[in-house]
Structure formats: structure tokens, C-alpha cells
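All remarks here apply to the structure that follows.
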Amino acid sequence: MLEQVKDWDDDFYETFKPIAMGFVNEAEKCLQCGKCTGQCPAAAVTPSYNPRKIIRDLVYGNVKRVLSSVELWQCFFCSGCYSVCPMDINFPFFVFMFRLAAMNEGYGWEDVKQLEGYAEKSYLKDGITVSTFERNPFVMDNIGDISKIRVEAGLPPERTVSPRGIAEINMISDLSGMTAFMKQIGGVELLDCTTCTDEQAKRCKTKPMPSKVGKIKTHHRYYNYGEPGGKKNAEAR
Amino acid sequence: MPRLDKVAQIPKPEQIFFFKSCVASNKYPGIEACGTESLRILGVEPVESDEQTCCGGFVTFANVAAPTASMPAVARNLSLAEEKNLDTCVVCNGCWTFLNEFGHFMNNNAEVKGSVNMMLNMMGREYKGTSHVFHIAEMYYRLKDDISKHVLRPLKGVKIATHYGCHYLGGGKYSAIDDAQMPTYMEELIDLMGGTVVPYAANRECCGTGFTQIINGKDLSLDHTQRKLDSVQEADPDMLIVQCPYCHSQLDRVQQQLNFRQGVNYQTPVLHIAQLVGMALGLPVSQLAFAAHVSGRERLENVLDRVGR
Ligand code: SF4
Ligand code: SF4
């Protein structure tokens with residue numbers, strides 16, 4: 001992928017730093033030692049994922065390769081890389097800001113779209129992100145009514161947030177632009193597989209994409225750092 | 001080895017703001033019940049507020065909200081503790097790192113703090129940055145002498161493995177009380193309560209939730225959890241102790257999913273450190289709320305038979 005991407009941007013890193021609100025800094029100090037990759041849980045299960053290479057591409061300005069990659073969305077946010085990094089580079093924050101940048105370019109909306117419900121239907125509605133809702137029949141049969149267990153444990157049957165609390169986080173959401181952002185996510189149009197070329201199909205995530213009419217188009221992402229799941233494919237190219 | 005200088009900085013307050021966690025409240029109520037009750041026994045009165053919302057970490061790291069939206073939400077929650085003049089105690093690694101790290105960010109960035117306060121002032125609140133955030137596990141370590149005085153149900157002969165989780169030790173490598181690579185404080189606590197620590201190879205591995213990977217990168221997530229569980233299974237502990245409800249839910253629920261998908265048989269009960277301490281301090285079995293657990297319930301009953309109900 002590296003050779004095909006003619007989208008080097010020498011200034012990207014410098015311009016990205018202020019936009020990223022101080023979350024992305026000191027990447028130029030990276031020693032390329034690879035300790036981060038060595039202990040990364042995502043890299044352990046999918047060898048094409050490599051935080052070291054992503055940092056390299058950030059500093060060198062090979063933006064397109066990072067932003068259009070599937071790998072960017074495979075980070076576990078575990079901070080393990082930060083804990084071992086000799087230069088104290090807080091890489092999960094990079095990923096976090098990078099994903100926003102990728103969305104700005106029209107990548108990754110299908111992932112975020114799946115998660116938007118948690119914000120809209122749980123966090124902003126009840127003030128609690130993880131609800132008591134269970135989808136798994138085994139769990140439902142085995143646990144039954146969680147409010148009964150809560151009462152037995154000496155807690156109120158339901159944990160609730162006061163109306164004032166909920167009003168306040170909604171106000172914060174409105175004021176900070178989160179509500180508007182969520183509306184945008186709701187209106188994403190996902191491309192479907194029939195429009196792919198063969199080359200795209202080969203590199204595409206196997207997951208079929210749902211399609212929906214809306215305002216923003218989401219682009220296909222690629223395994224820019226090697227084919228997933230195979231060591232021989234994960235070598236540097 | 002715990003950093004004793006850090007531990008010494010943790011106060012032993014009379015009251016503390018008990019920060020409720022979504023997963024602990026809605027999936028594993030035992031964590032909430034044992035957390036508050038055990039603190040009470042150890043001489044720290046937990047103070048709750050129903051104005052406290054979720055920490056907002058999940059929606060932020062799901063990229064549904066930019067930090068501009070989550071900072072004021074963090075500040076608002078912390079201001080609730082500040083209004084009462086209390087420090088904050090959390091039961092979740094995620095809440096801990098999120099409140100701690102974003103709090104730290106605002107405290108050292110006057111511009112951000114100013115704009116956050118502009119928002120909060122509109123609802124009659126203010127963020128000052130005076131409430132320190134402590135994880136309940138570090139509170140336990142600080143109060144370990146009180147714990148050993150109050151053990152009513154010694155965990156004699158119970159084989160216990162630990163899982164620290166990523167966001168406490170890794171994400172907060174300068175604020176946590178222990179080393180990110182070789183932590184030992186939970187082992188010390190288990191020792192103190194009479195349990196037997198069982199080492200296993202993948203102790204420092206992530207639980208595999210990967211924040212959102214369990215939702216939109218399920219293969220990666222299950223793969224990684226399976227590695228972890230294989231290693232746990234090999235050591236065959238009576239229970240696996242976590243200090244994060246999110247790890248708790250992953251390690252507990254994924255066992256059943258893997259059993260179903262792959263015809264394997266993982267049955268290791270997973271307990272939060274608050275439940276383990278609650279068990280040792282002799283809380284009634286109903287307060288431990290094991291009924292909400294998915295995996296290894298029989299084994300848990302067996303443990304209860306041995307340590308006394
Ligand atoms: S561990 Fe740190 S210095 Fe080493 S390659 Fe990773 S980010 Fe760079
Ligand atoms: S935070 Fe992401 S890149 Fe860093 S070790 Fe964890 S999964 Fe790997």
C-alpha cells in the first residue's frame with residue numbers, strides 16, 4: 001500500500017498537534033524500538049496491527065496510510081504500549097484523535113455508528129451507559145431479574161440518575177457539539193459491497209456492510225499494514 | 001512491589017464520595033453492595049449522589065464524543081464530590097483512569113479548565129480540581145491493617161488468581177500505587193485474608209474487551225480472551241480476581257460464549273476485589289450477589305461451603 005499512496009504530507013504532524021488538543025505530542029521522540037508492539041494485545045491476535053508503524057507514519061506524514069487503514073480501528077485502548085514506552089508516548093490517545101481525523105476524511109463511520117446507540121439511548125437518556133439490558137438468552141435464563149438481585153444485596157431495585165443530572169449532561173452534550181456530532185453519525189451512508197472493485201474486495205474487511213441513505217459517505221478501509229492473521233503477510237512493505 | 005511512598009499519600013478519610021459504575025450497578029450489583037459495605041466496616045463512610053452519571057469514558061473512547069464533550073462531563077461528576085469536600089473512590093479501572101487523567105489534563109491546562117467551567121457555571125457548578133480520585137483496590141491496600149483486623153471469613157485453602165486490568169496500572173503508570181509490569185498488591189491482600197495465590201502465565205495480559213472491540217471487532221476480542229482463559233484454566237484457580245467491572249463482565253460472560261461457540265468448557269468464577277474483601281469481611285452471602293455471575297457458579301458455591309456461609 002505504501003507505494004500506491006501518493007499522499008505524503010510533510011506538515012501533517014505539525015498541523016495535527018494543535019487540533020489534537022495536546023493529546024498528540026512528542027511523537028517525534030519515538031525511538032522505533034517496538035516495545036509497544038511487543039506487548040500489544042491487538043498485535044498478538046492480528047499481526048498486521050503495529051503501533052510502532054502507525055507512529056512512524058504519523059511523524060513522516062504518511063497520513064493516508066494511517067487514516068484509511070482498518071488497523072487504526074483495531075486498538076484495544078489498553079494503554080499497555082504507554083506503560084512500556086521508554087519515551088512515555090501515550091499512543092492510545094493518538095489512536096483516539098486519529099480516529100476522529102479518519103472520520104473527518106470519511107473512514108470508520110460504520111464502526112462508530114454501531115456505538116452511537118449507547119450514547120443516545122443509554123448515556124444521554126439515563127445517565128448510565130451500560131444498561132441492564134441483556135441480549136444473550138443463556139445469560140437471561142441464568143441470571144433472571146437483576147433488580148431482584150440488587151434488592152437482595154441491599155440496594156435499590158434500580159440505579160437511577162436524578163432528572164437534574166440527566167438534564168445537565170444533555171446540556172453539556174448540546175453545548176459541546178456532541179449532540180450535533182451524533183446526529184451526523186445517525187445520517188451516515190454506508191457504501192455496499194456491489195460497488196467494490198476486485199482489488200478492493202480482496203483487501204476489504206470481510207464483514208458485509210449495511211447501507212443506509214444519509215448525508216455522509218463512509219469509505220472502505222484497507223489492511224494497509226499487511227494482511228491480517230498471517231505472519232508472512234505482516235512483514236514491512 | 002507497591003510504591004509505598006504513593007500508598008502513604010492516600011488519606012484515610014472518614015467519608016469518601018463513592019462513584020458508582022455502570023457495569024457494577026447494572027450487571028454485577030455485588031460490586032456496588034460489597035464496595036460500600038466493606039468501606040463502612042473499614043471505617044470509611046461512603047457518600048453517594050444520584051446526580052452522578054456515568055464517567056463518559058465509553059462514549060468517548062467509542063469516538064461518539066470528542067474530548068471537548070467528555071471533559072465537562074468529567075468535571076461535572078468531580079464537582080459533585082468537591083461540593084461535599086470529599087475525595088472520590090471508584091470501583092472501576094475505566095472510571096479511575098478517565099476521571100484521573102482528564103482531571104489532570106484540566107488542572108494543568110488553564111485554558112481548557114476555563115472553558116469547561118464556563119459551561120459548568122451555566123448549571124451552577126464549578127470544577128476546582130480538589131477531589132483526588134482513588135481506586136477502591138488502592139484504598140483496600142491503604143487500609144490493609146484494618147482489613148486484617150476484621151477478617152471474619154478467612155479464605156483458607158481458596159486458590160485465587162489475579163487480573164489487574166490495563167487502565168489502572170498501564171494507563172496511570174505514574175499515579176498508580178504499583179508497577180505496571182510486576183504488580184503485587186492484590187496478592188498481598190489475598191495473602192492477608194488467608195487465600196492462596198495461584199500464579200499463571202498470562203497474568204499481565206489484557207482481558208480482551210478492548211473497549212469497543214467486543215462490539216465491532218468481536219473476533220479479535222474473543223481470540224484474546226481465549227488466550228487469557230486458557231492460561232487461567234491451566235493454573236486452575238478457584239476464582240479469578242479482577243479490579244475492574246468491565247474486565248469482570250468480559251472474563252465472566254465470554255467464558256459462556258466460548259463454551260457455546262467452540263464446545264469448550266471454561267468454568268472459572270470471576271470476582272471483583274470488592275466482593276472478595278466483602279467475602280472475607282463476612283458480609284451476608286446475598287450481598288455478594290453471586291446470582292448475577294454467569295460462569296463457574298457451582299465452584300463459587302463450593303468455595304462458600306468451604307469458607308462458611
Ligand atoms: S515503545 Fe515508545 S519509543 Fe518504542 S516504538 Fe513504541 S512508541 Fe516508539
Ligand atoms: S493501547 Fe492499542 S496499541 Fe497500545 S498496546 Fe493496547 S491495543 Fe496495542
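Chain labels follow the order of the C-alpha cells: the first chain is A, the next B, and so on; residue numbering restarts at 1 in every chain, and ligands are counted from 1 in their shown order.
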Q.
Residues of chain B within 7 Å of chain A, counting only C-alpha atoms, what are they? List them as number ranges by chain.
A. B: 22-23, 25-27, 29-30, 33, 50-54, 59, 61-65, 68-69, 72-73, 166-167, 170-171, 173, 180, 206, 210-211, 213, 216, 220, 223-224, 286-289, 291-292, 294
Dump as a short mmCIF file (atom, residue, chain, number, x, y, z; two decimals), in the first residue's frame, selection limited to N, CA and C atoms:
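And here's result_26.cif as it stands now:
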data_model
loop_
_atom_site.label_atom_id
_atom_site.label_comp_id
_atom_site.auth_asym_id
_atom_site.auth_seq_id
_atom_site.Cartn_x
_atom_site.Cartn_y
_atom_site.Cartn_z
N CYS B 22 -21.32 1.98 35.97
CA CYS B 22 -22.47 1.44 35.22
C CYS B 22 -22.53 -0.07 35.29
N VAL B 23 -21.41 -0.72 34.96
CA VAL B 23 -21.41 -2.18 34.88
C VAL B 23 -21.62 -2.77 36.27
N SER B 25 -23.25 -1.47 38.71
CA SER B 25 -24.64 -1.29 39.16
C SER B 25 -25.58 -2.19 38.41
N ASN B 26 -25.38 -2.28 37.10
CA ASN B 26 -26.40 -2.91 36.27
C ASN B 26 -26.14 -4.37 35.92
N LYS B 27 -24.89 -4.81 36.05
CA LYS B 27 -24.61 -6.21 35.72
C LYS B 27 -24.16 -7.01 36.94
N PRO B 29 -24.27 -6.26 40.69
CA PRO B 29 -24.58 -5.40 41.84
C PRO B 29 -23.77 -5.74 43.08
N GLY B 30 -23.22 -6.97 43.13
CA GLY B 30 -22.41 -7.34 44.28
C GLY B 30 -21.23 -6.40 44.48
N ALA B 33 -22.62 -3.29 46.21
CA ALA B 33 -23.03 -3.57 47.59
C ALA B 33 -21.81 -3.84 48.46
N ASP B 50 -27.14 10.74 43.62
CA ASP B 50 -27.81 10.22 42.42
C ASP B 50 -27.72 11.24 41.27
N GLU B 51 -26.97 12.32 41.49
CA GLU B 51 -26.73 13.23 40.36
C GLU B 51 -25.52 12.78 39.56
N GLN B 52 -24.78 11.81 40.12
CA GLN B 52 -23.60 11.32 39.42
C GLN B 52 -24.02 10.47 38.23
N THR B 53 -23.44 10.77 37.09
CA THR B 53 -23.75 9.99 35.90
C THR B 53 -22.59 9.04 35.61
N CYS B 54 -22.69 8.33 34.50
CA CYS B 54 -21.58 7.52 34.02
C CYS B 54 -20.38 8.44 33.79
N VAL B 59 -18.46 6.32 25.88
CA VAL B 59 -18.88 7.07 24.69
C VAL B 59 -17.71 7.84 24.10
N PHE B 61 -14.38 6.92 24.22
CA PHE B 61 -13.46 6.04 23.52
C PHE B 61 -14.15 5.25 22.42
N ALA B 62 -15.47 5.35 22.35
CA ALA B 62 -16.16 4.81 21.19
C ALA B 62 -16.18 5.87 20.08
N ASN B 63 -15.52 6.99 20.32
CA ASN B 63 -15.44 8.09 19.37
C ASN B 63 -16.78 8.72 19.01
N VAL B 64 -17.75 8.55 19.91
CA VAL B 64 -19.02 9.21 19.67
C VAL B 64 -18.93 10.65 20.17
N ALA B 65 -18.06 10.88 21.13
CA ALA B 65 -17.89 12.22 21.67
C ALA B 65 -16.41 12.59 21.59
N THR B 68 -13.75 17.37 23.88
CA THR B 68 -14.43 18.61 24.25
C THR B 68 -15.76 18.34 24.94
N ALA B 69 -16.38 17.21 24.62
CA ALA B 69 -17.65 16.88 25.24
C ALA B 69 -17.46 16.12 26.53
N PRO B 72 -16.07 18.30 30.15
CA PRO B 72 -17.04 18.90 31.07
C PRO B 72 -17.84 17.84 31.82
N ALA B 73 -18.09 16.67 31.21
CA ALA B 73 -18.84 15.63 31.90
C ALA B 73 -18.02 15.09 33.08
N CYS B 166 -5.93 -3.27 32.55
CA CYS B 166 -4.95 -2.37 31.92
C CYS B 166 -5.00 -0.94 32.42
N HIS B 167 -6.20 -0.41 32.59
CA HIS B 167 -6.26 1.05 32.72
C HIS B 167 -5.80 1.58 34.05
N GLY B 170 -1.46 0.42 33.69
CA GLY B 170 -0.84 0.85 32.44
C GLY B 170 -1.13 2.31 32.14
N GLY B 171 -2.42 2.63 32.11
CA GLY B 171 -2.82 3.99 31.76
C GLY B 171 -2.37 5.01 32.79
N LYS B 173 0.46 4.98 34.79
CA LYS B 173 1.71 4.43 35.32
C LYS B 173 2.40 5.34 36.31
N ALA B 180 3.69 -1.30 36.69
CA ALA B 180 2.81 -1.80 35.64
C ALA B 180 3.16 -3.23 35.22
N CYS B 206 -4.15 -8.39 28.71
CA CYS B 206 -5.42 -7.66 28.73
C CYS B 206 -6.57 -8.67 28.72
N GLY B 210 -11.08 -4.71 24.99
CA GLY B 210 -10.63 -3.73 24.01
C GLY B 210 -11.62 -2.60 23.82
N PHE B 211 -12.22 -2.17 24.91
CA PHE B 211 -13.22 -1.11 24.86
C PHE B 211 -14.34 -1.43 23.90
N GLN B 213 -13.88 -3.24 21.00
CA GLN B 213 -13.61 -4.40 20.13
C GLN B 213 -14.62 -5.51 20.37
N ASN B 216 -17.44 -4.22 17.92
CA ASN B 216 -17.21 -4.28 16.48
C ASN B 216 -15.89 -4.88 16.02
N LEU B 220 -11.29 -10.49 17.23
CA LEU B 220 -10.06 -10.14 17.93
C LEU B 220 -10.26 -10.28 19.43
N ASP B 223 -10.65 -13.90 20.59
CA ASP B 223 -9.35 -14.56 20.44
C ASP B 223 -8.46 -14.27 21.64
N HIS B 224 -8.44 -12.99 21.97
CA HIS B 224 -7.53 -12.60 23.03
C HIS B 224 -8.00 -13.10 24.39
N SER B 286 -26.04 -12.91 50.44
CA SER B 286 -26.91 -12.21 49.49
C SER B 286 -26.26 -10.92 49.02
N GLN B 287 -25.42 -10.32 49.86
CA GLN B 287 -24.78 -9.07 49.46
C GLN B 287 -23.64 -9.29 48.46
N LEU B 288 -23.09 -10.50 48.46
CA LEU B 288 -22.05 -10.80 47.49
C LEU B 288 -22.64 -10.92 46.09
N ALA B 289 -23.96 -11.19 46.05
CA ALA B 289 -24.72 -11.22 44.78
C ALA B 289 -24.10 -12.11 43.72
N ALA B 291 -25.49 -14.44 42.41
CA ALA B 291 -26.55 -14.82 41.48
C ALA B 291 -26.42 -14.10 40.15
N ALA B 292 -25.68 -12.98 40.12
CA ALA B 292 -25.53 -12.23 38.87
C ALA B 292 -24.37 -12.74 38.04
N VAL B 294 -22.16 -15.35 35.69
CA VAL B 294 -22.53 -16.28 34.64
C VAL B 294 -21.74 -17.59 34.73
#
Q | Contacts to ligand 1 at 10 Å cut-off (only C-alpha atoms and all ligand atoms) as a count of residues only | A | 34
Q: Write down as a ChimeraX atom specification the residues belonging to range 109-202 of chain B that are assigned alpha helix (DSSP H) by DSSP computed on the backbone.
A: /B:110-121,136-142,144-150,166-169,185-192
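Between CA of Val242 in chain B and CA of Pro67 in chain B the interatomic distance comes to 27.9 Å.
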(Q) When you look at Phe12 in chain A with a cut-off of 8 Å (counting only C-alpha atoms), what residues show up, excluding the ones that are within fewer than 2 positions of it in the same chain? I need them as a list in words. (A) Asp9, Asp10, Glu14, Thr15, Phe16, Leu58, Gly61 and Val63 of chain A
Next, the residues of the selection above should be written as a tab-separated table (two decimals), in the first residue's frame with C-alpha atoms.
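Listing of again_15.tsv after writing:
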chain	number	residue	atom	x	y	z
A	9	ASP	CA	2.07	15.46	3.89
A	10	ASP	CA	5.22	16.88	5.43
A	14	GLU	CA	2.74	19.83	12.97
A	15	THR	CA	-0.75	20.85	11.94
A	16	PHE	CA	-2.34	17.88	13.68
A	58	LEU	CA	2.36	9.96	11.78
A	61	GLY	CA	3.35	12.39	7.40
A	63	VAL	CA	-1.34	10.28	6.65
Q.
For Glu105 in chain A, find every residue with an atom within 9 Å (counting only C-alpha atoms), except residues of its own chain fewer than 6 positions away, and show them as a ChimeraX atom specification.
A. /A:67-68,218-219
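Each of B:Ala66, B:Val133, B:Cys34, B:Met118 was checked against Gly172 in chain B using only C-alpha atoms; the smallest atom-to-atom distance is that of B:Val133.
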(Q) When DSSP is applied to the backbone of this structure, which of range 101-223 of chain B are assigned strand (DSSP E)? Write them out as a PyMOL selection string. (A) chain B and resi 133-135+159-163+196-197
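For the choices B:Gly165, B:Ala235, B:Gln262, B:Leu281, the atom-to-atom distance to ligand 2 is smallest for B:Gly165 when using only C-alpha atoms and all ligand atoms.
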(Q) Considering only C-alpha atoms, can you say which of B:Ser221, B:Ser175, B:Ser131, B:Gln275 comes closest to Asn77 in chain B? (A) B:Ser131
Nearby residues (only C-alpha atoms) at most 6 Å from range 193-200 of chain B, same-chain spacing under 3 positions excluded, as a compact mmCIF listing (two decimals) with N, CA, C and O atoms, in the first residue's frame:
# COMPACT_ATOMS: atom_id res chain seq x y z
N PRO B 154 -11.95 -16.25 56.95
CA PRO B 154 -10.64 -16.41 56.32
C PRO B 154 -10.75 -17.29 55.08
O PRO B 154 -11.49 -18.27 55.08
N LEU B 155 -10.03 -16.91 54.03
CA LEU B 155 -10.16 -17.62 52.76
C LEU B 155 -9.20 -18.80 52.71
O LEU B 155 -8.49 -19.00 51.75
N LYS B 156 -9.22 -19.59 53.75
CA LYS B 156 -8.25 -20.66 53.88
C LYS B 156 -8.42 -21.71 52.79
O LYS B 156 -9.51 -22.21 52.57
N VAL B 158 -8.43 -21.38 49.67
CA VAL B 158 -9.04 -20.95 48.42
C VAL B 158 -7.95 -20.49 47.47
O VAL B 158 -7.14 -19.62 47.79
N LYS B 159 -7.91 -21.12 46.29
CA LYS B 159 -6.86 -20.78 45.31
C LYS B 159 -7.34 -19.61 44.46
O LYS B 159 -8.38 -19.70 43.81
N ILE B 160 -6.58 -18.53 44.49
CA ILE B 160 -7.04 -17.31 43.84
C ILE B 160 -6.00 -16.79 42.85
O ILE B 160 -4.82 -16.66 43.18
N ALA B 161 -6.45 -16.50 41.63
CA ALA B 161 -5.58 -15.87 40.63
C ALA B 161 -5.99 -14.42 40.49
O ALA B 161 -7.13 -14.06 40.76
N ILE B 190 -4.63 -10.77 49.19
CA ILE B 190 -5.16 -12.13 49.24
C ILE B 190 -4.46 -12.92 50.35
O ILE B 190 -5.11 -13.61 51.15
N ASN B 203 -0.91 -13.47 33.29
CA ASN B 203 -1.44 -12.55 34.28
C ASN B 203 -1.51 -11.11 33.78
O ASN B 203 -2.49 -10.41 33.99
N ALA B 235 -3.79 -23.01 35.32
CA ALA B 235 -3.43 -22.84 36.73
C ALA B 235 -4.55 -23.33 37.64
O ALA B 235 -4.33 -23.58 38.82
Q. Suppose you want the space between CA of Tyr266 in chain B and CA of Leu304 in chain B; what is it in Å?
A. 19.8 Å
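Counting only C-alpha atoms and all ligand atoms and comparing B:His248, B:Arg204, B:Arg309, B:Arg253, the residue that lies closest to ligand 2 is B:Arg204.
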Q: Quote the spacing between CA of Gly106 in chain A and CA of Thr209 in chain B in Å to one decimal place.
A: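 So the answer is 25.8 Å.
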